[in-house]
Amino acid sequence: MIVLGSTSEVAQAFVEKALKAGERFEKIYLFTSNKESAERFARHIDVKFLQQSEIIEIDLMKPVKFSDWDHVNSSLLFCAAGYLGENTQEGLYDNKNTERIIDINYSKLVPVINYFAQKFESKRSGTIIGLSSVAGERGRQSNFIYGSAKAAFTAYLSGLRNYLFDKKVHVMTVKPGFMATKMTEGLPLNPKLTATPTKAADCIYNAFKKKKNVVYVLPVWGIIMMIIRNIPEFIFKKMKL
């Protein structure tokens, strides 16, 4: 199993859910920019599940040497890499913040997934699970830089799913909605619309086993986003969302 963004609470909860459900992997490859945190998780799954893992350091803001990953072999990729950034007026006009949001959520992430997608295609098997966001369904003033990157990522996953379908590789897009994680700590989230990493992992794993295409962690978000998508633009542009 390949885990991109392996220090994400959702990614770690998914790994634990899969192992608890009886999945076993020759090795779990933990891709991370935070080696210390990944090492703690690696020790945890080794002690609890006797699961071997390998930590691979990656910084999406730096050039990637793909040949270093030639030995990485798996049929399941879970991508939880992401960066919320500063969605304030100051953040909007901070080019470094904007570039980091776009790079980590889309432009530098896609080549990494493509590298493994090609491996899956050559084997004619595998599953790619990508965590996108409901923020990508319509640009809203509160987070439209982040939302635009996620919109691009959602479109990428949709096209990749279409491309890989007859190559026997499945691609699943996950739209979590509000998540109670380190990334959203301190934000005023509605508890009824917010999922825990454990709940998200349960939903994602069940959807993975059923080969779902697009998944909302909390079904209510599907209804909410359908309403938001269908608000006429002349009304929507005046709203504070």
# chains A, B, ... in the order shown; residues from 1 in each chain; ligands from 1
$ residues_around --residues "Cys203 of chain A" --least-positions-apart "6" --cutoff "9 Å" --atoms "only C-alpha atoms" --output "PyMOL selection string"
chain A and resi 215-218
$ residues_around --residues "Glu233 of chain A" --least-positions-apart "6" --cutoff "12 Å" --atoms "only C-alpha atoms" --output "ChimeraX atom specification"
/A:138-140,239
$ atom_distance --atom1 "atom CA of Ala81 of chain A" --atom2 "atom CA of His170 of chain A"
19.1 Å
$ closest_residue --among "A:Asn73, A:Thr154, A:Asn143, A:Asn162" --to "Gly126 of chain A" --atoms "only C-alpha atoms"
A:Asn73
$ select_by_dssp --residues "segment 72-176 of chain A" --states "alpha helix (DSSP H)" --output "number ranges by chain"
A: 89-92, 95-102, 109-123, 144-164
$ closest_residue --among "A:Ala152, A:Ile101, A:Cys79, A:Pro111" --to "Phe14 of chain A" --atoms "only C-alpha atoms"
A:Cys79
$ select_by_dssp --residues "segment 159-233 of chain A" --states "strand (DSSP E)" --output "list of chain:residue names"
A:His170, A:Val171, A:Met172, A:Thr173, A:Val174, A:Lys175, A:Phe178, A:Met179, A:Thr194, A:Ala195, A:Val214, A:Val215, A:Tyr216
$ residues_around --residues "segment 145-151 of chain A" --least-positions-apart "2" --cutoff "12 Å" --atoms "only C-alpha atoms" --output "VMD selection string"
chain A and resid 81 to 89 91 to 95 97 to 110 130 to 143 153 to 158 173 to 177
$ write_last_selection --atoms "C-alpha atoms" --output "mmCIF file, in the first residue's frame"
data_model
loop_
_atom_site.group_PDB
_atom_site.id
_atom_site.type_symbol
_atom_site.label_atom_id
_atom_site.label_comp_id
_atom_site.auth_asym_id
_atom_site.auth_seq_id
_atom_site.Cartn_x
_atom_site.Cartn_y
_atom_site.Cartn_z
ATOM 1 C CA ALA A 81 -1.712 14.945 0.669
ATOM 2 C CA GLY A 82 -3.099 18.438 1.032
ATOM 3 C CA TYR A 83 -2.537 21.953 2.285
ATOM 4 C CA LEU A 84 -5.273 24.364 3.364
ATOM 5 C CA GLY A 85 -3.071 27.464 3.536
ATOM 6 C CA GLU A 86 -4.129 30.931 4.629
ATOM 7 C CA ASN A 87 -7.575 31.688 3.262
ATOM 8 C CA THR A 88 -7.583 35.293 4.473
ATOM 9 C CA GLN A 89 -7.275 38.555 2.543
ATOM 10 C CA GLY A 91 -3.197 34.997 2.268
ATOM 11 C CA LEU A 92 -5.031 35.691 -0.980
ATOM 12 C CA TYR A 93 -2.432 38.212 -2.090
ATOM 13 C CA ASP A 94 0.541 36.300 -0.707
ATOM 14 C CA ASN A 95 1.953 34.589 -3.790
ATOM 15 C CA ASN A 97 0.880 30.992 0.054
ATOM 16 C CA THR A 98 -1.073 30.733 -3.212
ATOM 17 C CA GLU A 99 1.663 28.777 -4.978
ATOM 18 C CA ARG A 100 2.012 26.381 -2.043
ATOM 19 C CA ILE A 101 -1.736 25.685 -1.996
ATOM 20 C CA ILE A 102 -1.795 25.001 -5.736
ATOM 21 C CA ASP A 103 1.423 22.982 -5.773
ATOM 22 C CA ILE A 104 0.652 20.659 -2.854
ATOM 23 C CA ASN A 105 -3.008 20.105 -3.708
ATOM 24 C CA TYR A 106 -2.587 19.765 -7.443
ATOM 25 C CA SER A 107 0.308 20.741 -9.677
ATOM 26 C CA LYS A 108 3.160 18.945 -7.872
ATOM 27 C CA LEU A 109 0.913 16.130 -6.639
ATOM 28 C CA VAL A 110 -0.447 14.992 -10.005
ATOM 29 C CA GLY A 130 -7.742 10.451 -3.787
ATOM 30 C CA LEU A 131 -8.996 12.830 -1.110
ATOM 31 C CA SER A 132 -10.339 15.939 -2.776
ATOM 32 C CA SER A 133 -12.835 18.349 -1.184
ATOM 33 C CA VAL A 134 -16.343 19.731 -1.444
ATOM 34 C CA ALA A 135 -14.544 23.098 -1.679
ATOM 35 C CA GLY A 136 -13.763 22.212 -5.275
ATOM 36 C CA GLU A 137 -17.398 22.071 -6.374
ATOM 37 C CA ARG A 138 -17.920 25.837 -6.555
ATOM 38 C CA GLY A 139 -15.635 28.767 -5.865
ATOM 39 C CA ARG A 140 -16.611 30.545 -2.652
ATOM 40 C CA GLN A 141 -15.030 33.695 -1.269
ATOM 41 C CA SER A 142 -13.952 31.982 1.952
ATOM 42 C CA ASN A 143 -11.476 29.569 0.338
ATOM 43 C CA PHE A 153 -7.701 17.679 -8.524
ATOM 44 C CA THR A 154 -11.297 16.421 -8.719
ATOM 45 C CA ALA A 155 -11.273 16.889 -12.502
ATOM 46 C CA TYR A 156 -7.938 15.067 -12.706
ATOM 47 C CA LEU A 157 -9.252 12.097 -10.725
ATOM 48 C CA SER A 158 -12.384 11.988 -12.886
ATOM 49 C CA THR A 173 -12.669 10.370 -5.443
ATOM 50 C CA VAL A 174 -13.423 11.186 -1.806
ATOM 51 C CA LYS A 175 -15.032 14.481 -0.766
ATOM 52 C CA PRO A 176 -14.855 14.602 3.023
ATOM 53 C CA GLY A 177 -16.599 17.915 3.814
#
$ residues_around --residues "Leu50 of chain A" --least-positions-apart "4" --cutoff "10 Å" --atoms "only C-alpha atoms" --output "ChimeraX atom specification"
/A:19,24,43-46
$ write_last_selection --atoms "C-alpha atoms" --output "mmCIF file, in the first residue's frame"
data_model
loop_
_atom_site.group_PDB
_atom_site.id
_atom_site.type_symbol
_atom_site.label_atom_id
_atom_site.label_comp_id
_atom_site.auth_asym_id
_atom_site.auth_seq_id
_atom_site.Cartn_x
_atom_site.Cartn_y
_atom_site.Cartn_z
ATOM 1 C CA LEU A 19 -5.505 -3.700 8.844
ATOM 2 C CA ARG A 24 -2.375 -7.452 4.789
ATOM 3 C CA ARG A 43 6.201 1.735 14.987
ATOM 4 C CA HIS A 44 2.530 1.731 15.972
ATOM 5 C CA ILE A 45 1.364 -0.479 13.100
ATOM 6 C CA ASP A 46 4.384 -2.725 13.538
#
$ residues_around --residues "Phe78 of chain A" --least-positions-apart "6" --cutoff "10 Å" --atoms "only C-alpha atoms" --output "PyMOL selection string"
chain A and resi 1-6+11+14-15+113+127-131+172
$ write_last_selection --atoms "N, CA, C and O atoms" --output "short mmCIF file (atom, residue, chain, number, x, y, z; two decimals), in the first residue's frame"
data_model
loop_
_atom_site.label_atom_id
_atom_site.label_comp_id
_atom_site.auth_asym_id
_atom_site.auth_seq_id
_atom_site.Cartn_x
_atom_site.Cartn_y
_atom_site.Cartn_z
N MET A 1 0.84 -1.19 0.00
CA MET A 1 0.00 0.00 0.00
C MET A 1 0.88 1.24 0.00
O MET A 1 1.84 1.34 0.75
N ILE A 2 0.54 2.18 -0.85
CA ILE A 2 1.25 3.45 -0.93
C ILE A 2 0.37 4.52 -0.28
O ILE A 2 -0.81 4.65 -0.63
N VAL A 3 0.94 5.27 0.65
CA VAL A 3 0.18 6.32 1.33
C VAL A 3 0.89 7.65 1.11
O VAL A 3 1.99 7.87 1.62
N LEU A 4 0.28 8.53 0.34
CA LEU A 4 0.81 9.87 0.14
C LEU A 4 0.17 10.79 1.17
O LEU A 4 -1.06 10.84 1.28
N GLY A 5 1.00 11.50 1.92
CA GLY A 5 0.46 12.31 3.02
C GLY A 5 0.18 11.43 4.21
O GLY A 5 -0.90 11.48 4.81
N SER A 6 1.14 10.61 4.58
CA SER A 6 0.90 9.55 5.57
C SER A 6 0.80 10.06 7.00
O SER A 6 0.48 9.27 7.89
N ALA A 11 -5.54 9.47 6.68
CA ALA A 11 -4.72 8.42 6.07
C ALA A 11 -4.37 7.35 7.09
O ALA A 11 -4.48 6.15 6.82
N PHE A 14 -7.34 5.29 7.95
CA PHE A 14 -7.67 4.35 6.88
C PHE A 14 -6.76 3.13 6.93
O PHE A 14 -7.21 2.00 6.76
N VAL A 15 -5.47 3.36 7.14
CA VAL A 15 -4.52 2.24 7.24
C VAL A 15 -4.94 1.32 8.38
O VAL A 15 -4.99 0.08 8.22
N ILE A 113 1.18 10.99 -8.56
CA ILE A 113 0.13 9.99 -8.76
C ILE A 113 0.25 9.36 -10.15
O ILE A 113 0.08 8.14 -10.32
N THR A 127 -6.01 0.12 -7.28
CA THR A 127 -6.99 1.13 -6.89
C THR A 127 -6.25 2.38 -6.43
O THR A 127 -5.29 2.29 -5.67
N ILE A 128 -6.72 3.52 -6.89
CA ILE A 128 -6.20 4.82 -6.46
C ILE A 128 -7.33 5.55 -5.75
O ILE A 128 -8.41 5.74 -6.31
N ILE A 129 -7.08 5.92 -4.51
CA ILE A 129 -8.06 6.67 -3.71
C ILE A 129 -7.49 8.07 -3.48
O ILE A 129 -6.41 8.23 -2.91
N GLY A 130 -8.21 9.08 -3.94
CA GLY A 130 -7.74 10.45 -3.79
C GLY A 130 -8.70 11.28 -2.95
O GLY A 130 -9.91 11.30 -3.23
N LEU A 131 -8.17 11.94 -1.93
CA LEU A 131 -9.00 12.83 -1.11
C LEU A 131 -9.01 14.22 -1.73
O LEU A 131 -7.99 14.91 -1.75
N MET A 172 -11.02 6.26 -7.17
CA MET A 172 -12.12 6.72 -6.32
C MET A 172 -11.83 8.12 -5.78
O MET A 172 -10.74 8.38 -5.26
#
$ atom_distance --atom1 "atom CA of Ala38 of chain A" --atom2 "atom CA of Thr7 of chain A"
5.9 Å
$ closest_residue --among "A:Ile56, A:Ala42, A:Val10, A:Val169" --to "Asn213 of chain A" --atoms "only C-alpha atoms"
A:Val169
$ closest_residue --among "A:Glu9, A:Phe41, A:Ile228, A:Lys237" --to "Lys182 of chain A" --atoms "only C-alpha atoms"
A:Glu9
$ closest_residue --among "A:Glu16, A:Ile55, A:Lys199, A:Phe49" --to "Ser37 of chain A" --atoms "only C-alpha atoms"
A:Ile55
$ atom_distance --atom1 "atom CA of Leu241 of chain A" --atom2 "atom CA of Phe144 of chain A"
10.2 Å
$ residues_around --residues "Ala201 of chain A" --least-positions-apart "3" --cutoff "7 Å" --atoms "only C-alpha atoms" --output "count of residues only"
8
$ decode --residues "segment 188-204 of chain A" --atoms "all heavy atoms" --output "compact mmCIF listing (two decimals), in the first residue's frame"
# COMPACT_ATOMS: atom_id res chain seq x y z
N PRO A 188 -14.35 27.36 13.06
CA PRO A 188 -15.69 27.18 13.63
C PRO A 188 -16.53 26.20 12.80
O PRO A 188 -17.34 26.60 11.97
CB PRO A 188 -16.28 28.59 13.59
CG PRO A 188 -15.60 29.24 12.42
CD PRO A 188 -14.21 28.65 12.36
N LEU A 189 -16.34 24.90 13.02
CA LEU A 189 -17.02 23.89 12.23
C LEU A 189 -18.30 23.42 12.91
O LEU A 189 -18.33 23.21 14.12
CB LEU A 189 -16.09 22.68 12.01
CG LEU A 189 -14.73 22.97 11.37
CD1 LEU A 189 -13.94 21.68 11.22
CD2 LEU A 189 -14.89 23.66 10.03
N ASN A 190 -19.36 23.25 12.12
CA ASN A 190 -20.62 22.73 12.62
C ASN A 190 -20.46 21.24 12.92
O ASN A 190 -20.16 20.45 12.02
CB ASN A 190 -21.72 22.94 11.57
CG ASN A 190 -23.09 22.53 12.06
OD1 ASN A 190 -23.22 21.64 12.90
ND2 ASN A 190 -24.12 23.17 11.55
N PRO A 191 -20.65 20.83 14.18
CA PRO A 191 -20.45 19.41 14.54
C PRO A 191 -21.30 18.45 13.72
O PRO A 191 -20.87 17.32 13.44
CB PRO A 191 -20.84 19.35 16.02
CG PRO A 191 -20.77 20.76 16.51
CD PRO A 191 -21.06 21.64 15.33
N LYS A 192 -22.50 18.89 13.31
CA LYS A 192 -23.38 18.01 12.54
C LYS A 192 -22.88 17.79 11.11
O LYS A 192 -23.33 16.86 10.43
CB LYS A 192 -24.79 18.59 12.53
CG LYS A 192 -25.46 18.62 13.89
CD LYS A 192 -26.87 19.17 13.82
CE LYS A 192 -27.53 19.19 15.19
NZ LYS A 192 -28.90 19.76 15.13
N LEU A 193 -21.98 18.66 10.67
CA LEU A 193 -21.46 18.54 9.31
C LEU A 193 -19.99 18.13 9.30
O LEU A 193 -19.34 18.19 8.27
CB LEU A 193 -21.61 19.89 8.59
CG LEU A 193 -23.02 20.46 8.47
CD1 LEU A 193 -22.99 21.82 7.79
CD2 LEU A 193 -23.93 19.51 7.71
N THR A 194 -19.48 17.72 10.46
CA THR A 194 -18.06 17.43 10.61
C THR A 194 -17.85 15.96 10.96
O THR A 194 -18.49 15.43 11.87
CB THR A 194 -17.44 18.31 11.71
OG1 THR A 194 -17.70 19.69 11.40
CG2 THR A 194 -15.94 18.09 11.80
N ALA A 195 -16.96 15.31 10.23
CA ALA A 195 -16.65 13.91 10.49
C ALA A 195 -15.30 13.78 11.19
O ALA A 195 -14.40 14.59 10.98
CB ALA A 195 -16.60 13.13 9.17
N THR A 196 -15.17 12.78 12.01
CA THR A 196 -13.89 12.46 12.62
C THR A 196 -13.07 11.64 11.63
O THR A 196 -13.62 11.02 10.71
CB THR A 196 -14.07 11.64 13.90
OG1 THR A 196 -14.65 10.37 13.55
CG2 THR A 196 -14.96 12.37 14.90
N PRO A 197 -11.75 11.60 11.79
CA PRO A 197 -10.93 10.76 10.90
C PRO A 197 -11.35 9.30 10.92
O PRO A 197 -11.33 8.63 9.88
CB PRO A 197 -9.52 10.95 11.46
CG PRO A 197 -9.54 12.32 12.07
CD PRO A 197 -10.91 12.46 12.66
N THR A 198 -11.75 8.79 12.09
CA THR A 198 -12.17 7.39 12.20
C THR A 198 -13.43 7.13 11.39
O THR A 198 -13.54 6.13 10.66
CB THR A 198 -12.41 7.00 13.67
OG1 THR A 198 -11.18 7.18 14.40
CG2 THR A 198 -12.85 5.56 13.79
N LYS A 199 -14.40 8.04 11.51
CA LYS A 199 -15.65 7.89 10.75
C LYS A 199 -15.37 7.98 9.24
O LYS A 199 -15.92 7.22 8.45
CB LYS A 199 -16.66 8.97 11.15
CG LYS A 199 -18.01 8.84 10.44
CD LYS A 199 -19.01 9.85 10.97
CE LYS A 199 -20.37 9.70 10.27
NZ LYS A 199 -20.98 8.39 10.47
N ALA A 200 -14.49 8.91 8.89
CA ALA A 200 -14.13 9.05 7.47
C ALA A 200 -13.47 7.78 6.96
O ALA A 200 -13.77 7.31 5.86
CB ALA A 200 -13.20 10.25 7.30
N ALA A 201 -12.56 7.23 7.75
CA ALA A 201 -11.86 6.01 7.34
C ALA A 201 -12.82 4.85 7.14
O ALA A 201 -12.69 4.07 6.18
CB ALA A 201 -10.80 5.65 8.37
N ASP A 202 -13.79 4.71 8.03
CA ASP A 202 -14.79 3.65 7.89
C ASP A 202 -15.55 3.80 6.57
O ASP A 202 -15.74 2.83 5.83
CB ASP A 202 -15.78 3.68 9.05
CG ASP A 202 -15.16 3.21 10.36
OD1 ASP A 202 -14.06 2.62 10.32
OD2 ASP A 202 -15.77 3.45 11.43
N CYS A 203 -15.99 5.03 6.30
CA CYS A 203 -16.74 5.30 5.07
C CYS A 203 -15.89 5.03 3.84
O CYS A 203 -16.34 4.37 2.89
CB CYS A 203 -17.22 6.75 5.07
SG CYS A 203 -17.89 7.32 3.49
N ILE A 204 -14.66 5.50 3.85
CA ILE A 204 -13.77 5.35 2.69
C ILE A 204 -13.45 3.88 2.44
O ILE A 204 -13.47 3.41 1.30
CB ILE A 204 -12.49 6.17 2.88
CG1 ILE A 204 -12.82 7.66 2.94
CG2 ILE A 204 -11.50 5.90 1.75
CD1 ILE A 204 -11.67 8.53 3.44
